[in-house]
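J.: Input file: protein_28.csv. Contents: CSV, C-alpha atoms.
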chain,number,residue,atom,x,y,z
U,1,MET,CA,-26.7,93.2,-116.3
U,2,LEU,CA,-26.1,90.7,-113.5
U,3,ASP,CA,-29.7,90.9,-112.2
U,4,PHE,CA,-31.0,90.5,-115.7
U,5,PHE,CA,-29.1,87.2,-116.0
U,6,LEU,CA,-30.1,86.1,-112.5
U,7,ILE,CA,-33.8,86.7,-113.2
U,8,ASN,CA,-33.4,84.9,-116.5
U,9,ILE,CA,-31.7,81.9,-114.9
U,10,ILE,CA,-34.3,81.6,-112.1
U,11,LEU,CA,-37.1,82.0,-114.6
U,12,LEU,CA,-35.7,79.4,-117.0
U,13,ALA,CA,-35.1,77.0,-114.1
U,14,MET,CA,-38.7,77.3,-113.1
U,15,VAL,CA,-39.8,76.9,-116.8
U,16,THR,CA,-37.8,73.6,-117.0
U,17,ALA,CA,-39.1,72.3,-113.7
U,18,THR,CA,-42.7,73.1,-114.7
U,19,ALA,CA,-42.2,71.4,-118.1
U,20,ILE,CA,-40.7,68.2,-116.5
U,21,ALA,CA,-43.5,68.2,-113.9
U,22,ALA,CA,-46.2,68.6,-116.6
U,23,ALA,CA,-44.7,65.7,-118.6
U,24,HIS,CA,-44.4,63.5,-115.4
U,25,VAL,CA,-47.7,64.1,-113.7
U,26,ARG,CA,-50.4,61.4,-114.4
U,27,ASN,CA,-53.4,63.6,-113.6
U,28,LEU,CA,-54.4,65.5,-116.7
U,29,LEU,CA,-56.1,68.3,-114.8
U,30,ALA,CA,-52.8,68.9,-112.9
U,31,ALA,CA,-50.9,68.7,-116.2
U,32,THR,CA,-53.2,71.4,-117.7
U,33,MET,CA,-52.6,73.7,-114.8
U,34,LEU,CA,-48.8,73.1,-115.1
U,35,MET,CA,-48.9,74.0,-118.8
U,36,SER,CA,-50.8,77.2,-117.8
U,37,ILE,CA,-48.1,78.0,-115.3
U,38,TYR,CA,-45.5,77.2,-117.9
U,39,SER,CA,-47.1,79.8,-120.3
U,40,PHE,CA,-47.1,82.5,-117.6
U,41,LEU,CA,-43.4,81.9,-116.8
U,42,MET,CA,-42.6,82.0,-120.6
U,43,ALA,CA,-44.5,85.3,-120.7
U,44,MET,CA,-42.3,86.6,-118.0
U,45,VAL,CA,-39.2,85.5,-119.9
U,46,TRP,CA,-40.5,87.4,-123.0
U,47,THR,CA,-41.2,90.4,-120.9
U,48,ASN,CA,-37.7,90.2,-119.5
U,49,MET,CA,-36.4,90.2,-123.1
U,50,ASP,CA,-38.5,93.3,-124.0
U,51,SER,CA,-40.7,91.5,-126.5
U,52,MET,CA,-44.0,92.7,-125.1
U,53,ASP,CA,-46.2,91.6,-128.0
U,54,VAL,CA,-45.0,88.0,-127.7
U,55,ALA,CA,-45.4,88.1,-124.0
U,56,PHE,CA,-48.9,89.4,-124.3
U,57,THR,CA,-49.9,86.7,-126.8
U,58,GLU,CA,-48.3,84.0,-124.6
U,59,ALA,CA,-50.3,85.1,-121.6
U,60,ALA,CA,-53.6,85.6,-123.4
U,61,VAL,CA,-53.5,82.6,-125.7
U,62,GLY,CA,-51.1,80.1,-124.1
U,63,ALA,CA,-52.1,80.6,-120.4
U,64,GLY,CA,-55.7,81.8,-120.9
U,65,ILE,CA,-57.8,80.5,-123.7
U,66,SER,CA,-55.9,77.2,-124.4
U,67,THR,CA,-56.2,76.2,-120.8
U,68,ILE,CA,-59.9,76.8,-120.9
U,69,LEU,CA,-60.3,74.9,-124.1
U,70,ILE,CA,-58.2,71.9,-122.8
U,71,LEU,CA,-60.4,71.9,-119.7
U,72,GLY,CA,-63.4,71.7,-121.9
U,73,ALA,CA,-61.9,68.8,-123.7
U,74,LEU,CA,-61.1,67.1,-120.4
U,75,LEU,CA,-64.8,67.1,-119.5
U,76,HIS,CA,-65.1,64.4,-122.2
U,77,VAL,CA,-62.0,62.4,-121.9
U,78,GLY,CA,-61.7,62.2,-118.1
U,79,THR,CA,-58.8,63.4,-116.1
U,80,GLU,CA,-56.7,60.3,-115.5
U,81,GLU,CA,-54.0,59.3,-118.0
U,82,LYS,CA,-53.7,55.7,-118.9
U,83,PRO,CA,-50.7,54.1,-117.2
U,84,THR,CA,-47.8,53.4,-119.5
U,85,LYS,CA,-45.1,50.8,-118.8
U,86,GLY,CA,-41.4,51.5,-119.3
U,87,ILE,CA,-39.8,54.0,-121.6
U,88,HIS,CA,-40.7,54.2,-125.2
U,89,TRP,CA,-37.1,54.2,-126.7
U,90,PRO,CA,-37.9,55.3,-130.3
U,91,ALA,CA,-39.9,58.3,-129.0
U,92,LEU,CA,-37.1,59.2,-126.6
U,93,LEU,CA,-34.6,59.0,-129.4
U,94,VAL,CA,-36.7,61.3,-131.7
U,95,VAL,CA,-37.1,63.8,-128.9
U,96,VAL,CA,-33.4,63.9,-128.0
U,97,ALA,CA,-32.4,64.1,-131.7
U,98,THR,CA,-34.8,67.0,-132.3
U,99,ALA,CA,-33.5,68.8,-129.2
U,100,ALA,CA,-29.9,68.3,-130.3
U,101,LEU,CA,-30.7,69.7,-133.8
U,102,LEU,CA,-32.4,72.8,-132.2
U,103,LEU,CA,-29.5,73.4,-129.9
U,104,TYR,CA,-27.1,73.1,-132.8
U,105,GLY,CA,-29.3,75.6,-134.7
U,106,THR,CA,-29.0,78.1,-131.8
U,107,LEU,CA,-25.2,78.2,-132.3
U,108,ASP,CA,-25.8,80.1,-135.4
U,109,MET,CA,-28.0,82.8,-133.8
U,110,PRO,CA,-26.5,86.2,-132.9
U,111,ARG,CA,-26.0,87.0,-129.3
U,112,PHE,CA,-29.0,88.5,-127.5
U,113,GLY,CA,-29.0,92.3,-127.9
U,114,GLN,CA,-26.3,92.3,-130.6
U,115,LYS,CA,-26.5,95.5,-132.6
U,116,ASP,CA,-25.2,94.5,-136.1
U,117,THR,CA,-27.5,91.5,-136.9
U,118,PRO,CA,-29.2,91.3,-140.3
U,119,ALA,CA,-32.5,91.8,-138.5
U,120,GLN,CA,-31.3,95.2,-137.2
U,121,LEU,CA,-29.5,96.3,-140.3
U,122,ASN,CA,-32.2,95.4,-142.8
U,123,PRO,CA,-33.5,98.6,-144.5
U,124,VAL,CA,-37.0,97.6,-143.8
U,125,SER,CA,-36.5,97.4,-140.0
U,126,ILE,CA,-34.5,100.6,-140.0
U,127,SER,CA,-37.2,102.4,-141.8
U,128,TYR,CA,-39.9,101.0,-139.5
U,129,ILE,CA,-38.0,101.7,-136.3
U,130,LYS,CA,-37.0,105.2,-137.4
U,131,GLN,CA,-40.5,106.1,-138.6
U,132,ASP,CA,-42.6,104.6,-136.1
U,133,CYS,CA,-41.1,104.1,-132.7
U,134,PRO,CA,-40.3,107.1,-130.6
U,135,ARG,CA,-38.9,105.1,-127.7
U,136,VAL,CA,-35.8,103.4,-129.3
U,137,ALA,CA,-32.5,105.0,-129.8
U,138,ASP,CA,-32.8,106.2,-133.3
U,139,TRP,CA,-30.1,107.0,-135.9
U,140,ASN,CA,-30.1,110.8,-135.1
U,141,GLY,CA,-28.4,110.5,-131.8
U,142,HIS,CA,-31.3,110.2,-129.4
U,143,HIS,CA,-30.9,108.1,-126.4
U,144,GLU,CA,-32.9,105.0,-125.7
U,145,GLY,CA,-36.0,105.6,-123.7
U,146,GLU,CA,-36.1,109.3,-124.7
U,147,VAL,CA,-39.5,110.2,-126.1
U,148,VAL,CA,-39.3,112.9,-128.7
U,149,TYR,CA,-42.7,114.1,-129.7
U,150,GLY,CA,-43.4,116.5,-132.5
U,151,LYS,CA,-40.1,116.0,-134.2
U,152,GLY,CA,-41.9,115.0,-137.4
U,153,ASP,CA,-39.5,112.7,-139.1
U,154,TYR,CA,-40.3,109.5,-137.2
U,155,TYR,CA,-44.0,109.7,-136.7
U,156,HIS,CA,-45.4,109.9,-140.2
U,157,GLY,CA,-48.9,109.1,-139.1
U,158,HIS,CA,-47.8,105.5,-138.6
U,159,ALA,CA,-48.4,103.5,-135.5
U,160,PRO,CA,-45.9,104.1,-132.7
U,161,ASN,CA,-45.9,100.4,-131.9
U,162,PHE,CA,-43.9,99.3,-134.9
U,163,VAL,CA,-44.9,95.7,-134.5
U,164,THR,CA,-48.4,96.5,-135.7
U,165,PRO,CA,-47.4,98.1,-139.0
U,166,VAL,CA,-45.0,95.3,-139.7
U,167,ILE,CA,-47.7,92.7,-139.0
U,168,VAL,CA,-50.7,94.3,-140.8
U,169,SER,CA,-49.1,96.6,-143.3
U,170,TYR,CA,-45.7,95.2,-144.4
U,171,ARG,CA,-46.9,91.6,-144.0
U,172,GLY,CA,-50.6,92.2,-144.5
U,173,PHE,CA,-51.1,89.2,-146.8
U,174,ASP,CA,-49.6,86.9,-144.2
U,175,THR,CA,-51.9,88.2,-141.5
U,176,MET,CA,-54.9,88.0,-143.7
U,177,PHE,CA,-54.3,84.4,-144.4
U,178,GLU,CA,-53.6,83.7,-140.7
U,179,THR,CA,-57.0,85.2,-140.0
U,180,THR,CA,-58.4,82.9,-142.7
U,181,VAL,CA,-56.7,79.9,-141.0
U,182,ILE,CA,-58.5,80.8,-137.8
U,183,PHE,CA,-61.7,81.2,-139.7
U,184,ILE,CA,-61.2,77.7,-141.2
U,185,ALA,CA,-60.6,76.3,-137.8
U,186,GLY,CA,-63.9,77.7,-136.6
U,187,MET,CA,-65.7,76.4,-139.7
U,188,SER,CA,-64.3,72.9,-139.2
U,189,MET,CA,-65.5,73.0,-135.5
U,190,ILE,CA,-69.0,73.8,-136.8
U,191,LEU,CA,-68.9,71.2,-139.5
U,192,PHE,CA,-67.5,68.3,-137.5
U,193,LEU,CA,-68.7,68.8,-133.9
U,194,ARG,CA,-72.0,70.7,-134.0
U,195,ARG,CA,-74.9,68.5,-133.3
U,196,ARG,CA,-77.0,67.9,-136.3
U,197,ARG,CA,-80.4,69.4,-136.5
U,198,LYS,CA,-83.4,67.1,-136.2
U,199,PRO,CA,-84.1,65.6,-139.6
U,200,ALA,CA,-87.3,67.2,-140.9
E,201,MET,CA,-71.7,76.2,-110.8
E,202,LYS,CA,-74.2,79.1,-110.6
E,203,ASP,CA,-75.3,78.1,-107.1
E,204,ASN,CA,-71.9,79.2,-105.8
E,205,THR,CA,-72.4,82.7,-104.5
E,206,ILE,CA,-68.7,83.7,-104.6
E,207,LEU,CA,-68.2,82.5,-108.2
E,208,ARG,CA,-71.4,84.2,-109.3
E,209,ILE,CA,-70.6,87.6,-107.7
E,210,ALA,CA,-66.9,87.5,-108.7
E,211,THR,CA,-67.6,86.7,-112.4
E,212,LYS,CA,-70.4,89.2,-112.6
E,213,THR,CA,-68.0,91.9,-111.3
E,214,MET,CA,-65.1,90.8,-113.5
E,215,ILE,CA,-66.8,90.3,-116.9
E,216,PRO,CA,-67.3,94.1,-117.7
E,217,PHE,CA,-63.7,94.8,-116.9
E,218,ILE,CA,-62.5,91.9,-119.0
E,219,ILE,CA,-64.5,93.1,-122.0
E,220,VAL,CA,-63.4,96.7,-121.6
E,221,PHE,CA,-59.8,95.6,-121.4
E,222,GLY,CA,-60.2,93.5,-124.5
E,223,LEU,CA,-61.7,96.4,-126.4
E,224,TYR,CA,-58.8,98.6,-125.1
E,225,VAL,CA,-56.3,96.1,-126.4
E,226,ILE,CA,-57.9,96.0,-129.9
E,227,PHE,CA,-58.4,99.8,-130.2
E,228,HIS,CA,-54.9,100.5,-129.0
E,229,GLY,CA,-53.2,97.9,-131.1
E,230,ASP,CA,-51.3,100.5,-133.0
E,231,LEU,CA,-50.1,102.3,-129.9
E,232,SER,CA,-49.3,99.6,-127.4
E,233,PRO,CA,-48.5,95.9,-127.4
E,234,GLY,CA,-51.4,93.7,-128.4
E,235,GLY,CA,-53.9,94.0,-131.2
E,236,GLY,CA,-56.8,92.2,-132.8
E,237,PHE,CA,-55.7,88.7,-131.9
E,238,GLN,CA,-54.9,89.3,-128.3
E,239,GLY,CA,-57.9,91.5,-127.7
E,240,GLY,CA,-60.2,89.1,-129.4
E,241,VAL,CA,-59.0,86.3,-127.2
E,242,ILE,CA,-59.6,88.4,-124.1
E,243,ILE,CA,-63.1,89.2,-125.1
E,244,ALA,CA,-63.8,85.6,-125.9
E,245,SER,CA,-62.5,84.6,-122.5
E,246,ALA,CA,-65.1,86.9,-120.9
E,247,PHE,CA,-67.9,85.1,-122.7
E,248,ILE,CA,-66.4,81.7,-121.9
E,249,LEU,CA,-66.2,82.6,-118.3
E,250,TYR,CA,-69.9,83.5,-118.3
E,251,GLY,CA,-70.6,80.1,-120.0
E,252,LEU,CA,-68.5,78.2,-117.5
E,253,VAL,CA,-70.4,79.7,-114.5
E,254,TRP,CA,-73.9,80.0,-115.9
E,255,GLY,CA,-73.8,77.1,-118.3
E,256,GLY,CA,-73.5,77.0,-122.1
E,257,ASP,CA,-77.2,77.4,-122.8
E,258,GLU,CA,-77.3,80.7,-120.9
E,259,MET,CA,-74.2,81.9,-122.7
E,260,ARG,CA,-75.8,81.0,-126.1
E,261,ARG,CA,-78.9,83.0,-125.0
E,262,ILE,CA,-76.9,86.2,-124.9
E,263,LEU,CA,-74.7,85.3,-127.9
E,264,PRO,CA,-76.7,83.0,-130.1
E,265,ARG,CA,-75.0,80.7,-132.5
E,266,TRP,CA,-76.3,82.5,-135.7
E,267,LEU,CA,-74.7,85.7,-134.4
E,268,SER,CA,-71.3,84.2,-133.6
E,269,ASP,CA,-71.2,82.3,-136.8
E,270,THR,CA,-72.0,85.5,-138.8
E,271,LEU,CA,-69.4,87.5,-136.9
E,272,VAL,CA,-66.7,84.9,-137.7
E,273,ALA,CA,-67.3,85.6,-141.4
E,274,VAL,CA,-67.7,89.3,-140.9
E,275,GLY,CA,-64.2,89.6,-139.5
E,276,VAL,CA,-62.5,88.0,-142.4
E,277,LEU,CA,-64.7,90.0,-144.8
E,278,MET,CA,-63.6,93.2,-143.1
E,279,TYR,CA,-60.0,92.3,-143.7
E,280,ALA,CA,-60.4,91.1,-147.2
E,281,GLY,CA,-62.9,93.9,-148.0
E,282,THR,CA,-60.3,96.5,-147.0
E,283,GLY,CA,-57.9,94.9,-149.4
E,284,MET,CA,-60.6,94.8,-152.2
E,285,PHE,CA,-61.5,98.4,-151.5
E,286,CYS,CA,-57.9,99.4,-152.0
E,287,LEU,CA,-57.7,97.3,-155.2
E,288,LEU,CA,-60.9,98.9,-156.6
E,289,SER,CA,-59.7,102.4,-155.8
E,290,GLY,CA,-56.8,101.9,-158.1
E,291,TYR,CA,-54.2,101.0,-155.5
E,292,ARG,CA,-52.5,97.7,-154.7
E,293,PHE,CA,-54.2,95.1,-152.6
E,294,LEU,CA,-54.0,96.1,-148.9
E,295,ASP,CA,-52.3,99.4,-149.8
E,296,TYR,CA,-53.9,101.4,-147.1
E,297,SER,CA,-53.1,104.8,-148.6
E,298,ALA,CA,-56.2,104.3,-150.7
E,299,ILE,CA,-58.4,105.0,-147.7
E,300,SER,CA,-57.5,108.7,-147.6
E,301,PRO,CA,-55.3,109.5,-150.5
E,302,ARG,CA,-54.9,113.2,-149.6
E,303,ASN,CA,-53.7,112.6,-146.1
E,304,ASN,CA,-51.5,109.8,-147.0
E,305,PRO,CA,-50.2,108.3,-143.7
E,306,GLY,CA,-53.6,108.8,-142.1
E,307,GLY,CA,-55.0,106.2,-144.4
E,308,ASP,CA,-52.4,103.7,-143.0
E,309,VAL,CA,-53.8,104.2,-139.5
E,310,TRP,CA,-57.4,103.8,-140.6
E,311,GLY,CA,-56.6,100.7,-142.6
E,312,MET,CA,-54.6,99.1,-139.9
E,313,ASN,CA,-57.3,99.7,-137.4
E,314,ILE,CA,-60.1,98.4,-139.6
E,315,VAL,CA,-58.0,95.3,-140.3
E,316,GLU,CA,-57.4,94.8,-136.6
E,317,TYR,CA,-61.1,95.0,-135.8
E,318,GLY,CA,-61.7,92.3,-138.4
E,319,VAL,CA,-59.1,90.1,-136.8
E,320,GLY,CA,-60.6,90.8,-133.4
E,321,PHE,CA,-64.1,89.8,-134.6
E,322,THR,CA,-62.9,86.6,-136.2
E,323,VAL,CA,-60.6,85.4,-133.3
E,324,SER,CA,-63.1,86.1,-130.5
E,325,MET,CA,-66.0,84.5,-132.3
E,326,VAL,CA,-63.9,81.4,-133.4
E,327,MET,CA,-62.8,80.9,-129.8
E,328,ILE,CA,-66.4,81.1,-128.6
E,329,THR,CA,-67.4,78.7,-131.3
E,330,ILE,CA,-64.7,76.2,-130.3
E,331,TYR,CA,-65.8,76.5,-126.7
E,332,ASN,CA,-69.5,76.0,-127.8
E,333,GLU,CA,-68.7,72.9,-129.8
E,334,ILE,CA,-66.4,71.1,-127.4
E,335,SER,CA,-68.3,72.0,-124.2
E,336,GLU,CA,-71.4,70.1,-125.5
E,337,GLY,CA,-71.5,66.4,-126.2
E,338,THR,CA,-69.7,65.6,-129.4
E,339,VAL,CA,-71.9,62.7,-130.4
E,340,PRO,CA,-74.8,63.9,-132.7
E,341,GLU,CA,-78.0,62.5,-131.4
E,342,PRO,CA,-80.7,62.4,-134.0
E,343,GLY,CA,-83.6,63.3,-131.7
E,344,GLU,CA,-81.8,66.2,-130.1
E,345,LYS,CA,-82.5,69.8,-130.8
E,346,THR,CA,-79.6,72.1,-131.8
Step by step, read the file and then write its structure as structure tokens.

T.:
Amino acid sequence: MLDFFLINIILLAMVTATAIAAAHVRNLLAATMLMSIYSFLMAMVWTNMDSMDVAFTEAAVGAGISTILILGALLHVGTEEKPTKGIHWPALLVVVATAALLLYGTLDMPRFGQKDTPAQLNPVSISYIKQDCPRVADWNGHHEGEVVYGKGDYYHGHAPNFVTPVIVSYRGFDTMFETTVIFIAGMSMILFLRRRRKPA
Amino acid sequence: MKDNTILRIATKTMIPFIIVFGLYVIFHGDLSPGGGFQGGVIIASAFILYGLVWGGDEMRRILPRWLSDTLVAVGVLMYAGTGMFCLLSGYRFLDYSAISPRNNPGGDVWGMNIVEYGVGFTVSMVMITIYNEISEGTVPEPGEKT
């Protein structure tokens, strides 16, 4: 348990340092690279918390593709930030107030790894975990990490990674319209930024 | 950047592996972490890497704009079409058991996979489209060919 906390503390300290450096540095190319490092460190934090899907998305999207797209945008806007003078006090106030609100919100959250949270006790999560995931301690007395194949009552032809059924089956509408949002983003890029054809 | 030998050789070696890994992530979305979104982004990054090294025009030669634009729509159609198929077979929208009613949970796996492929198509092609459009000049020039 101690090593878990040590790794987390070191990772979070590095995340904070990277974030401060990214906000401080004047060169936008360096800031982009620092944001990419930030995403990779966050992916490690998620991995440490056993949320592999979130870590995967953070590494692929946050560190990978968005860095490339920001680099593409930097080709047009240049890499030097305009110098600003002094501290913008209203902006600082807004940021501090938002951070205080978020920290206040975390006071209500259950402790990490707590067993009897609503998310764990919800019938939906119980059914998905019991049916679909052979690797978690289930409600029939199997230990965590023990893989029980061929038992029949947890693998009803569903996907073993129970994040996927929750995303595309239980919340299929949600995912469908997320895909539509990405589709609309692509369409707006085509409509607004594509060079017009030569008028005939 | 295509005059740089190291870049050229390294990207040519890496691109097949990136694409295969992206396909693996999409196809194993129901077995392991990842899925259509992450796999689509990985596949798009392979094409964008090619475009960064060889230039956007060379990338658009192997993946022309009409094809990427079409596949963006095909992905959403695969998702919504699965839902409509379930609806027209007398089930609820996106109720995947309509796909193979006899072998009930098997339909779930098929439905989830088809839907993930749709998400993968849309995400990868939208990322390529975004790269295409911001890597070029944003000012439309009347005399310029597309």

J.: Find, counting all atoms listed in the file, the residue in E:Gly311, E:Ile330, E:Gly235, E:Met325 that gets nearest to Phe221 (chain E).

T.: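 Under the stated criterion, the closest residue is E:Gly235.
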
J.: Which of these residues is nearest to Ala23 (chain U), using only C-alpha atoms: U:Met35, U:Met109, U:Phe192, U:Ser125?

T.: U:Met35

J.: In Å, rounded to a single decimal, give me how far CA of Ser245 (chain E) is from CA of Glu336 (chain E).

T.: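 Pair CA of Glu336 (chain E) / CA of Ser245 (chain E) returns 17.3 Å.
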
J.: Report, in Å to a single decimal, how far apart CA of Glu81 (chain U) and CA of Arg26 (chain U) are.

T.: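 One can read the CA of Arg26 (chain U) to CA of Glu81 (chain U) distance as 5.5 Å.
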
J.: Between E:Trp310, E:Tyr317, E:Trp266, E:Tyr331, which has the minimum distance to chain U (counting all atoms listed in the file)?

T.: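 The shortest atom-to-atom distance to chain U comes from E:Tyr331.
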
J.: For Tyr224 (chain E), list every protein, DNA or RNA residue within 10 Å, evaluated using only C-alpha atoms, and leave out those in the same chain fewer than 5 positions away; present the list as an mmCIF file with C-alpha atoms, in the frame of the given file.

T.:
data_model
loop_
_atom_site.group_PDB
_atom_site.id
_atom_site.type_symbol
_atom_site.label_atom_id
_atom_site.label_comp_id
_atom_site.auth_asym_id
_atom_site.auth_seq_id
_atom_site.Cartn_x
_atom_site.Cartn_y
_atom_site.Cartn_z
ATOM 1 C CA ILE E 218 -62.500 91.900 -119.000
ATOM 2 C CA ILE E 219 -64.500 93.100 -122.000
ATOM 3 C CA GLY E 229 -53.200 97.900 -131.100
ATOM 4 C CA SER E 232 -49.300 99.600 -127.400
ATOM 5 C CA GLY E 234 -51.400 93.700 -128.400
ATOM 6 C CA GLY E 235 -53.900 94.000 -131.200
ATOM 7 C CA GLY E 239 -57.900 91.500 -127.700
#

J.: For Gly251 (chain E), please output as an NGL selection string all residues within 12 Å (counting all atoms listed in the file; exclusion window: fewer than 2 positions along the same chain).

T.: (:U and (68 or 72)) or (:E and (201-202 or 208 or 211-212 or 215 or 244-249 or 253-263 or 328-329 or 331-332 or 335-336))

J.: Considering only C-alpha atoms, state which residue in the set E:Thr282, E:Thr322, E:Thr205, E:Ser289 is at the smallest distance from chain U.

T.: E:Thr322

J.: Find the spatial neighbours of Ser169 (chain U), counting only C-alpha atoms, within a cut-off of 10 Å - ignore same-chain residues fewer than 6 positions away - and output them as a list in words.

T.: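 Counting only the stated atoms, we get Val163 and Thr175 of chain U; Leu294, Asp295, Tyr296, Asp308, Val309, Gly311, Met312 and Val315 of chain E.
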
J.: Calculate how many Å separate CA of Leu41 (chain U) from CA of Asp3 (chain U), rounding to one decimal.

T.: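 Calculated distance between CA of Leu41 (chain U) and CA of Asp3 (chain U) is 17.0 Å.
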
J.: Quick one: everything within 7 Å of Thr179 (chain U), counting all atoms listed in the file, minus sequence neighbours fewer than 3 positions away in the same chain. Send it as a list in words.

T.: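 Counting all atoms listed in the file, the residues come to Thr175, Met176, Ile182 and Phe183 of chain U; Val276 and Val319 of chain E.
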
J.: Could the residues in this selection be written to a file with C-alpha atoms, as a JSON list (two decimals), in the frame of the given file?

T.:
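New file result10.json:
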[["chain", "number", "residue", "atom", "x", "y", "z"],
["U", 175, "THR", "CA", -51.90, 88.20, -141.50],
["U", 176, "MET", "CA", -54.90, 88.00, -143.70],
["U", 182, "ILE", "CA", -58.50, 80.80, -137.80],
["U", 183, "PHE", "CA", -61.70, 81.20, -139.70],
["E", 276, "VAL", "CA", -62.50, 88.00, -142.40],
["E", 319, "VAL", "CA", -59.10, 90.10, -136.80]]

J.: Leaving out region 82-87 of chain U and any residue of its chain fewer than 2 positions from it, which residues lie within 12 Å of it when counting only C-alpha atoms, given as JSON, numbers by chain?

T.: {"U": [24, 25, 26, 27, 28, 77, 78, 79, 80, 89, 90, 91, 92, 93]}

J.: List as an mmCIF file with C-alpha atoms, in the coordinates of the input the residues having at least one atom at most 12 Å from position (-44.7, 89.6, -115.9) as given in the file, counting all atoms listed in the file.

T.:
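Written out: point_1.cif:
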data_model
loop_
_atom_site.group_PDB
_atom_site.id
_atom_site.type_symbol
_atom_site.label_atom_id
_atom_site.label_comp_id
_atom_site.auth_asym_id
_atom_site.auth_seq_id
_atom_site.Cartn_x
_atom_site.Cartn_y
_atom_site.Cartn_z
ATOM 1 C CA ILE U 7 -33.800 86.700 -113.200
ATOM 2 C CA LEU U 11 -37.100 82.000 -114.600
ATOM 3 C CA SER U 39 -47.100 79.800 -120.300
ATOM 4 C CA PHE U 40 -47.100 82.500 -117.600
ATOM 5 C CA LEU U 41 -43.400 81.900 -116.800
ATOM 6 C CA MET U 42 -42.600 82.000 -120.600
ATOM 7 C CA ALA U 43 -44.500 85.300 -120.700
ATOM 8 C CA MET U 44 -42.300 86.600 -118.000
ATOM 9 C CA VAL U 45 -39.200 85.500 -119.900
ATOM 10 C CA TRP U 46 -40.500 87.400 -123.000
ATOM 11 C CA THR U 47 -41.200 90.400 -120.900
ATOM 12 C CA ASN U 48 -37.700 90.200 -119.500
ATOM 13 C CA MET U 49 -36.400 90.200 -123.100
ATOM 14 C CA ASP U 50 -38.500 93.300 -124.000
ATOM 15 C CA SER U 51 -40.700 91.500 -126.500
ATOM 16 C CA MET U 52 -44.000 92.700 -125.100
ATOM 17 C CA VAL U 54 -45.000 88.000 -127.700
ATOM 18 C CA ALA U 55 -45.400 88.100 -124.000
ATOM 19 C CA PHE U 56 -48.900 89.400 -124.300
ATOM 20 C CA GLU U 58 -48.300 84.000 -124.600
ATOM 21 C CA ALA U 59 -50.300 85.100 -121.600
#

J.: Just add N, CA and C atoms to region 276-289 of chain E and send it as a compact mmCIF listing (two decimals), in the frame of the given file.

T.:
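What landed in selection34.txt:
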# COMPACT_ATOMS: atom_id res chain seq x y z
N VAL E 276 -63.38 88.21 -141.27
CA VAL E 276 -62.50 88.00 -142.40
C VAL E 276 -62.94 88.87 -143.58
N LEU E 277 -64.27 89.12 -143.70
CA LEU E 277 -64.70 90.00 -144.80
C LEU E 277 -64.23 91.42 -144.58
N MET E 278 -64.14 91.87 -143.30
CA MET E 278 -63.60 93.20 -143.10
C MET E 278 -62.18 93.31 -143.53
N TYR E 279 -61.39 92.27 -143.24
CA TYR E 279 -60.00 92.30 -143.70
C TYR E 279 -59.87 92.25 -145.18
N ALA E 280 -60.50 91.22 -145.78
CA ALA E 280 -60.40 91.10 -147.20
C ALA E 280 -61.07 92.23 -147.95
N GLY E 281 -62.18 92.75 -147.35
CA GLY E 281 -62.90 93.90 -148.00
C GLY E 281 -62.04 95.13 -148.00
N THR E 282 -61.23 95.35 -146.95
CA THR E 282 -60.30 96.50 -147.00
C THR E 282 -59.34 96.34 -148.15
N GLY E 283 -58.82 95.11 -148.32
CA GLY E 283 -57.90 94.90 -149.40
C GLY E 283 -58.61 95.13 -150.76
N MET E 284 -59.85 94.64 -150.89
CA MET E 284 -60.60 94.80 -152.20
C MET E 284 -60.89 96.27 -152.40
N PHE E 285 -61.20 97.00 -151.30
CA PHE E 285 -61.50 98.40 -151.50
C PHE E 285 -60.27 99.15 -152.03
N CYS E 286 -59.09 98.82 -151.48
CA CYS E 286 -57.90 99.40 -152.00
C CYS E 286 -57.65 99.07 -153.45
N LEU E 287 -57.92 97.80 -153.77
CA LEU E 287 -57.70 97.30 -155.20
C LEU E 287 -58.64 98.08 -156.10
N LEU E 288 -59.93 98.23 -155.68
CA LEU E 288 -60.90 98.90 -156.60
C LEU E 288 -60.69 100.35 -156.67
N SER E 289 -60.01 100.96 -155.67
CA SER E 289 -59.70 102.40 -155.80
C SER E 289 -58.48 102.65 -156.62
